[in-house]
Amino acid sequence: MKTNRWAIILFCMAWWSLMSTPDALAQVLDYTEYSGRVIDGSTNDPLASVSIKLSETNLGTISNDEGDFTIKVPNDRGVDAILFSLLGYETKRVSLSSLRSEDNRIILNPKVMELSQINISTFKSAKALVKTVLSKKGENHPAHAAVMTAFYRETIKRRSRNVSLTEAVVDIYKQSYSSGQKDDIALHKARKSTDYRRLDTVALKLQGGPYSTLYLDIMKYPEYIFTPVMIDEYEFSFGAPSTVNNKPVYVVNFRQKDDVDVPRYFGSLFIDSESLALSSAVYSLNLTNMGDTANKMFVKKKPRDIDVTPLHASYRVDYREQNGRWYYGYGYVDLSFKVKKRGKLFNSVYTLMSEMAITDWRMNQGEKLRGKDRLRPTVIMTDEVSGFRDPDFWGPYNLIEPEKSIESAINKIRRKLRREDG
């Protein structure tokens, strides 16, 4: 089993200060910005991770945990509507002419799927369906290489307090799904805010950066979860059918077998009923009674007097369909650890979250990424970038609207920088 996707590094505290560098990549484009909140039509609850796509383009973003979104619409691309879609809800098309620049309220209604609308008897078992999905990746996924623009965010918290916020626009050089070549990432634009004093005596970093979310692409990297050997270590079962983009999907639940004594995953796969393409996957790593085995999977480096216990590890990947092909669209990682320094009475709980949303893509017409521009899969993003001063830093780039807690932390840091400048 591959174990190097999500590594953490712990080290003893020194002193770090907030830094700022000027934006050398400023770009001016003619665009109109729209923002608002997506809510459930039945409960009025905010909806997270809603796919938000501009009509007739590959441009898009997602809503944050508060259901909030901001999307920038180029005025020269002929966009006349925005599409909002989420697993289990009716897709909604909203014309730009009906939107205000701010405070838009987008209501999505749950879609009830009748069991008779989707026939699972076609497959002798849920496992057989999963094997079919994996075997059809050449048909359902791009046969050509692509260059994707993506927004990446990484957050580290100690208990409920944000201590490190890193955001970046990256270029992904996505290889064909039939190719054995791995994807590459180039850092295009980034910023961070970090206050390590909130971390007490230990600092924690995530190794892998955007690769931690890119490698969630199960169809490109099945070796991390469903190898021909590993697939036999799971039990598969059908769940109640659902919908994605107003289309019915099979739901396959999976978990490791009781006699498997190494950490495997459990969760759900959402499979388009017509093409048999994977449209989404939500899953977690089984950490129950795994002890040192789970610890070694995550901890790359730590002081000898520090004990680390993984508490949970959850993941999500979404795909977007365009002209009959399914593209990687969104990845999300949520890791939590208990960290205890020997000799101390209390321990601390750290949470690391990273997410990456594809905001635009195009076919690769022979472009190659130079070695010096390529991010290493072992990159530590908090060591790569600095600065969080410019409120207009992202310019025309689509990104994920900050959550209230993150926005609050950023504003505090901005106020501190202004005081220091004064």
# chains A, B, ... in the order shown; residues from 1 in each chain; ligands from 1

$ select_by_dssp --residues "segment 197-410 of chain A" --states "helix (DSSP H, G or I)" --output "NGL selection string"
:A and (197-199 or 211-214 or 222-224 or 230-233 or 291-298 or 371-373 or 381-384 or 404-410)

$ residues_around --residues "Ile62 of chain A" --least-positions-apart "5" --cutoff "9 Å" --atoms "only C-alpha atoms" --output "list of chain:residue names"
A:Ala48, A:Ser49, A:Val50, A:Ser51, A:Ile52, A:Lys53, A:Gly67, A:Asp68, A:Phe69, A:Thr70, A:Ile71, A:Phe84, A:Tyr330, A:Ala357, A:Thr359, A:Leu399, A:Ile400, A:Glu401

$ write_last_selection --atoms "C-alpha atoms" --output "short mmCIF file (atom, residue, chain, number, x, y, z; two decimals), in the first residue's frame"
data_model
loop_
_atom_site.label_atom_id
_atom_site.label_comp_id
_atom_site.auth_asym_id
_atom_site.auth_seq_id
_atom_site.Cartn_x
_atom_site.Cartn_y
_atom_site.Cartn_z
CA ALA A 48 -20.71 23.18 0.94
CA SER A 49 -18.67 21.97 -2.03
CA VAL A 50 -21.29 22.95 -4.59
CA SER A 51 -19.80 22.87 -8.09
CA ILE A 52 -20.19 26.32 -9.68
CA LYS A 53 -19.49 26.45 -13.42
CA GLY A 67 -22.11 27.82 1.39
CA ASP A 68 -20.53 31.10 0.28
CA PHE A 69 -19.07 31.58 -3.19
CA THR A 70 -17.39 34.18 -5.36
CA ILE A 71 -16.92 33.68 -9.08
CA PHE A 84 -24.84 25.10 -9.63
CA TYR A 330 -11.91 18.92 -6.84
CA ALA A 357 -10.48 23.16 -7.14
CA THR A 359 -10.95 26.70 -12.08
CA LEU A 399 -10.81 30.89 -5.86
CA ILE A 400 -12.82 29.48 -2.97
CA GLU A 401 -14.46 32.10 -0.80
#

$ select_by_dssp --residues "segment 50-170 of chain A" --states "strand (DSSP E or B)" --output "JSON, numbers by chain"
{"A": [51, 52, 53, 54, 60, 61, 62, 68, 69, 70, 71, 72, 73, 74, 81, 82, 83, 84, 85, 89, 92, 93, 94, 95, 104, 105, 106, 107, 108, 110, 146, 147, 148, 149, 150, 151, 152, 153, 154, 155, 156, 157, 158, 161, 162, 163, 164, 165, 166, 167, 168, 169, 170]}

$ closest_residue --among "A:Val130, A:Val170, A:Leu311, A:Leu352" --to "Leu285 of chain A" --atoms "only C-alpha atoms"
A:Leu311

$ residues_around --residues "segment 250-258 of chain A" --least-positions-apart "5" --cutoff "6 Å" --atoms "only C-alpha atoms" --output "short mmCIF file (atom, residue, chain, number, x, y, z; two decimals) with C-alpha atoms, in the first residue's frame"
data_model
loop_
_atom_site.label_atom_id
_atom_site.label_comp_id
_atom_site.auth_asym_id
_atom_site.auth_seq_id
_atom_site.Cartn_x
_atom_site.Cartn_y
_atom_site.Cartn_z
CA GLU A 233 -9.54 -6.68 0.74
CA TYR A 234 -12.79 -4.70 0.62
CA GLU A 235 -16.46 -5.53 0.98
CA PHE A 236 -18.69 -3.68 -1.50
CA SER A 237 -22.44 -3.09 -1.31
CA PHE A 238 -25.04 -1.01 -3.13
CA GLY A 239 -26.48 2.07 -1.42
CA PRO A 241 -29.22 5.63 -5.77
CA ARG A 264 -7.67 0.43 4.44
CA PHE A 266 -14.21 2.99 3.93
CA GLY A 267 -16.67 5.24 2.18
CA SER A 268 -18.87 5.64 -0.90
CA LEU A 269 -18.34 5.81 -4.65
CA PHE A 270 -20.83 7.66 -6.87
CA ILE A 271 -20.94 6.24 -10.39
CA SER A 273 -25.33 5.22 -14.42
#

$ atom_distance --atom1 "atom CA of Pro228 of chain A" --atom2 "atom CA of Ser284 of chain A"
19.8 Å

$ decode --residues "segment 38-54 of chain A" --atoms "N, CA and C atoms" --output "PDB file, in the first residue's frame"
ATOM      1  N   VAL A  38     -25.168  29.466  -1.322  1.00  0.00           N
ATOM      2  CA  VAL A  38     -26.003  28.383  -1.825  1.00  0.00           C
ATOM      3  C   VAL A  38     -26.620  27.673  -0.625  1.00  0.00           C
ATOM      4  N   ILE A  39     -27.937  27.480  -0.664  1.00  0.00           N
ATOM      5  CA  ILE A  39     -28.615  26.862   0.473  1.00  0.00           C
ATOM      6  C   ILE A  39     -29.527  25.726   0.019  1.00  0.00           C
ATOM      7  N   ASP A  40     -29.848  24.858   0.961  1.00  0.00           N
ATOM      8  CA  ASP A  40     -30.773  23.745   0.751  1.00  0.00           C
ATOM      9  C   ASP A  40     -32.197  24.293   0.741  1.00  0.00           C
ATOM     10  N   GLY A  41     -32.975  23.958  -0.293  1.00  0.00           N
ATOM     11  CA  GLY A  41     -34.331  24.465  -0.421  1.00  0.00           C
ATOM     12  C   GLY A  41     -35.290  23.931   0.613  1.00  0.00           C
ATOM     13  N   SER A  42     -34.943  22.818   1.266  1.00  0.00           N
ATOM     14  CA  SER A  42     -35.825  22.239   2.276  1.00  0.00           C
ATOM     15  C   SER A  42     -35.498  22.707   3.678  1.00  0.00           C
ATOM     16  N   THR A  43     -34.214  22.856   3.981  1.00  0.00           N
ATOM     17  CA  THR A  43     -33.792  23.154   5.350  1.00  0.00           C
ATOM     18  C   THR A  43     -33.227  24.558   5.526  1.00  0.00           C
ATOM     19  N   ASN A  44     -32.921  25.234   4.422  1.00  0.00           N
ATOM     20  CA  ASN A  44     -32.250  26.542   4.439  1.00  0.00           C
ATOM     21  C   ASN A  44     -30.818  26.475   4.965  1.00  0.00           C
ATOM     22  N   ASP A  45     -30.274  25.268   5.108  1.00  0.00           N
ATOM     23  CA  ASP A  45     -28.890  25.121   5.547  1.00  0.00           C
ATOM     24  C   ASP A  45     -27.945  25.452   4.396  1.00  0.00           C
ATOM     25  N   PRO A  46     -26.785  26.034   4.694  1.00  0.00           N
ATOM     26  CA  PRO A  46     -25.807  26.294   3.631  1.00  0.00           C
ATOM     27  C   PRO A  46     -25.271  24.994   3.059  1.00  0.00           C
ATOM     28  N   LEU A  47     -24.948  25.000   1.786  1.00  0.00           N
ATOM     29  CA  LEU A  47     -24.447  23.809   1.100  1.00  0.00           C
ATOM     30  C   LEU A  47     -22.983  24.008   0.730  1.00  0.00           C
ATOM     31  N   ALA A  48     -22.140  23.124   1.219  1.00  0.00           N
ATOM     32  CA  ALA A  48     -20.706  23.184   0.943  1.00  0.00           C
ATOM     33  C   ALA A  48     -20.354  22.368  -0.292  1.00  0.00           C
ATOM     34  N   SER A  49     -19.239  22.711  -0.901  1.00  0.00           N
ATOM     35  CA  SER A  49     -18.667  21.967  -2.030  1.00  0.00           C
ATOM     36  C   SER A  49     -19.611  21.867  -3.224  1.00  0.00           C
ATOM     37  N   VAL A  50     -20.445  22.883  -3.406  1.00  0.00           N
ATOM     38  CA  VAL A  50     -21.292  22.951  -4.594  1.00  0.00           C
ATOM     39  C   VAL A  50     -20.418  23.316  -5.798  1.00  0.00           C
ATOM     40  N   SER A  51     -20.536  22.560  -6.865  1.00  0.00           N
ATOM     41  CA  SER A  51     -19.800  22.873  -8.088  1.00  0.00           C
ATOM     42  C   SER A  51     -20.468  24.058  -8.779  1.00  0.00           C
ATOM     43  N   ILE A  52     -19.677  25.098  -9.080  1.00  0.00           N
ATOM     44  CA  ILE A  52     -20.188  26.325  -9.681  1.00  0.00           C
ATOM     45  C   ILE A  52     -19.432  26.543 -10.987  1.00  0.00           C
ATOM     46  N   LYS A  53     -20.136  26.450 -12.106  1.00  0.00           N
ATOM     47  CA  LYS A  53     -19.487  26.445 -13.418  1.00  0.00           C
ATOM     48  C   LYS A  53     -20.116  27.486 -14.324  1.00  0.00           C
ATOM     49  N   LEU A  54     -19.272  28.191 -15.078  1.00  0.00           N
ATOM     50  CA  LEU A  54     -19.766  29.163 -16.042  1.00  0.00           C
ATOM     51  C   LEU A  54     -20.179  28.452 -17.324  1.00  0.00           C
TER      52      LEU A  54
END
